[in-house]
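S.K.: One structure, as structure tokens, below. Some questions next.
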Amino acid sequence: MGESEAILKILEKSPVFENCEPTSLTQFVAQSNIISVEKGQILFVHEEPAKRFFMVLGGWVKLFRETLDGSQAIIDILPAGHLLGETSVFDDNKYPYSAEAVEQTKLISIPLNLLKSEIDDNPKMASAMLYHMAKVRRQQDRELEHLVVQNAPQRIGCFLLRLTNQREEGPAKIQLPYDKSLVAARLGMQPETFSRALSKLKEATGLEINGSTISLNNVRQLIEFSCAACSSEFPCKDLKSKASCATQ
């Protein structure tokens with residue numbers, strides 16, 4: 001399969017592009033390309049003029065802003081299937097954050113001006129973008145709630161639940177996607193706070209830690225412990241439902 005064919009199949013499956021006009025989709029494919037970036041490579045910098053946006057195909061991308069003292073405030077770490085830089089179209093064509101590859105990462109690079117034109121000309125595309133941005137906002141609101149009402153071990157547990165599809169009673173293995181210090185930063189914790197909280201989570205749920213692999217005898221323990229202070233629409237403790245906080 002050629003690159004153009006691969007890009008077309010991927011964009012057609014994306015909720016953002018599913019209402020794109022066929023002629024416009026052809027232009028997106030023609031002017032997009034698949035790129036590979038190494039760990040630590042910067043894709044773009046906060047507030048620089050935005051020319052392109054990206055879809056993650058494999059690997060992880062860290063979104064962050066730099067504070068006045070030079071440290072990083074991590075906004076999110078995106079896996080495959082997520083878009084980044086797309087909201088620049090509503091923000092004076094400037095990137096609202098910086099983006100860096102956490103590991104070797106493959107992405108589709110797409111011209112931002114094509115997205116702007118399609119939004120201007122196609123109401124269905126505009127609606128799809130608004131829905132996409134509302135979904136991102138809901139997740140941000142949920143994470144803000146977690147910072148307020150969940151303790152540190154519960155927040156780690158919620159993060160682990162997002163990494164597994166296991167929703168029934170029984171054992172589960174969870175692979176941390178990146179370094180523990182980065183997980184700590186993603187959850188707004190200092191490394192020492194993360195280590196103490198992980199130990200408390202281990203005591204409360206019986207999970208075992210072996211390097212980057214987390215093992216659970218019964219995922220129900222993690223669900224009940226982590227979701228006790230969550231107002232999720234579909235409570236995690238209902239094992240027959242997928243908690244919204246665990247499926248974003």
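Please note that chains go A, B, ... in the order of the structure tokens, that every chain numbers its residues from 1, and that ligands are numbered from 1 in the order shown.
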Would you please extract all strand (DSSP E) residues from segment 28-200 of chain A, as assigned by DSSP on the backbone, and give them as a PyMOL selection string?
M.R.: chain A and resi 33-37+42-44+52-58+61-66+72-78+83-84+98-101+105-111+172-175
S.K.: Please return as JSON, numbers by chain: the residues of segment 53-212 of chain A that backbone DSSP assigns to helix (DSSP H, G or I).
M.R.: {"A": [86, 87, 88, 89, 90, 112, 113, 114, 115, 116, 117, 118, 119, 120, 121, 123, 124, 125, 126, 127, 128, 129, 130, 131, 132, 133, 134, 135, 136, 137, 138, 139, 140, 141, 142, 143, 144, 145, 146, 147, 148, 149, 152, 153, 154, 155, 156, 157, 158, 159, 160, 161, 180, 181, 182, 183, 184, 185, 186, 191, 192, 193, 194, 195, 196, 197, 198, 199, 200, 201, 202, 203, 204, 205]}
S.K.: A:Pro22, A:Pro15, A:Gly70, A:Gly85: which is nearest Pro49 of chain A, counting only C-alpha atoms?
M.R.: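 Of the candidates, the smallest distance to Pro49 of chain A is held by A:Gly85.
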S.K.: Determine the nearest neighbour of Gln31 of chain A from the options A:Ser109, A:Ser71, A:Ser88, A:Asn122, counting only C-alpha atoms.
M.R.: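 Once distances to Gln31 of chain A are computed over only C-alpha atoms, the minimum belongs to A:Ser109.
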S.K.: Between atom CA of Pro191 of chain A and atom CA of Gln41 of chain A, what distance in Å does the model show, to one decimal?
M.R.: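 Between these atoms lies a distance of 23.4 Å.
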S.K.: With a distance cut-off of 7 Å and only C-alpha atoms, select the neighbouring residues of segment 150-155 of chain A, excluding the residue or stretch itself and same-chain residues fewer than 6 positions from it, and output the selection as a list in words.
M.R.: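 In the requested format, the answer is Ala197, Leu198, Lys200, Leu201, Phe225, Ser226 and Ala229 of chain A.
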S.K.: Kindly export the residues of the current selection with C-alpha atoms, as a PDB file, in the first residue's frame.
M.R.:
ATOM      1  CA  ALA A 197       1.382   7.115  46.143  1.00  0.00           C
ATOM      2  CA  LEU A 198       2.248   4.096  44.008  1.00  0.00           C
ATOM      3  CA  LYS A 200      -0.079   3.084  48.793  1.00  0.00           C
ATOM      4  CA  LEU A 201      -1.913   1.974  45.648  1.00  0.00           C
ATOM      5  CA  PHE A 225     -10.491   1.970  44.678  1.00  0.00           C
ATOM      6  CA  SER A 226      -9.852   4.519  41.913  1.00  0.00           C
ATOM      7  CA  ALA A 229     -14.207   9.728  44.269  1.00  0.00           C
TER       8      ALA A 229
END
S.K.: Which residue is closest to Leu107 of chain A? Choose from A:Val89, A:Leu25, A:Met189, A:Ala6 and count only C-alpha atoms.
M.R.: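 The shortest atom-to-atom distance to Leu107 of chain A comes from A:Ala6.
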S.K.: Could you pull the residues within 8 Å of Ser215 of chain A, counting only C-alpha atoms, minus those fewer than 4 positions along the same chain, as a list in words?
M.R.: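 Near neighbours after the sequence-gap exclusion: Pro171, Ala172, Lys173, Ile174, Leu207, Glu208 and Ile209 of chain A.
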S.K.: May I have the residues from that selection written out with C-alpha atoms, as a PDB file, in the first residue's frame?
M.R.:
ATOM      1  CA  PRO A 171      -6.238 -10.569  36.296  1.00  0.00           C
ATOM      2  CA  ALA A 172      -4.754  -7.807  34.169  1.00  0.00           C
ATOM      3  CA  LYS A 173      -1.317  -6.714  33.008  1.00  0.00           C
ATOM      4  CA  ILE A 174      -0.652  -3.052  32.314  1.00  0.00           C
ATOM      5  CA  LEU A 207      -0.907  -4.778  42.336  1.00  0.00           C
ATOM      6  CA  GLU A 208       2.644  -5.943  41.611  1.00  0.00           C
ATOM      7  CA  ILE A 209       5.280  -3.771  39.966  1.00  0.00           C
TER       8      ILE A 209
END
S.K.: Tell me which protein, DNA and RNA residues are within 12 Å of Asp92 of chain A, counting only C-alpha atoms, leaving out same-chain ones fewer than 4 positions away, and put them as a list in words.
M.R.: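 The neighbour list is Glu47, Glu48, Pro49, Ala50, Lys51, Glu86, Thr87, Ser88, Pro96, Leu112, Asn113 and Lys116 of chain A.
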S.K.: Can you pull out the residues contacting Ala128 of chain A? Cut-off 10 Å, using only C-alpha atoms, and skip same-chain residues under 2 positions away; I want them as a ChimeraX atom specification.
M.R.: /A:15-20,119,123-126,130-134
S.K.: Give me the residues within 8 Å of Ile75 of chain A as a VMD selection string, counting only C-alpha atoms and dropping any in the same chain fewer than 4 places off.
M.R.: chain A and resid 62 to 65 186
S.K.: Calculated over only C-alpha atoms, which of the candidates A:Ser4, A:Gln72, A:Thr105, A:Gln140 has the smallest distance to Ala30 of chain A?
M.R.: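 Going through A:Ser4, A:Gln72, A:Thr105, A:Gln140 one by one, the smallest distance to Ala30 of chain A is for A:Ser4.
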S.K.: Atom CA of Ala99 of chain A and atom CA of Phe44 of chain A are how many Å apart?
M.R.: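 Taking atom CA of Ala99 of chain A as the start and atom CA of Phe44 of chain A as the end point, the length is 5.6 Å.
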S.K.: Please determine, counting only C-alpha atoms, which residue among A:Thr164, A:Val56, A:Ile214, A:Ser98 has the shortest atom-to-atom distance to Leu83 of chain A.
M.R.: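 Closest to Leu83 of chain A, using only C-alpha atoms: A:Val56.
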S.K.: Pick the closest to Pro111 of chain A from A:Ile35, A:Met129, A:Leu8, A:Val29: which is it, counting only C-alpha atoms?
M.R.: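 Of the candidates, the smallest distance to Pro111 of chain A is held by A:Val29.
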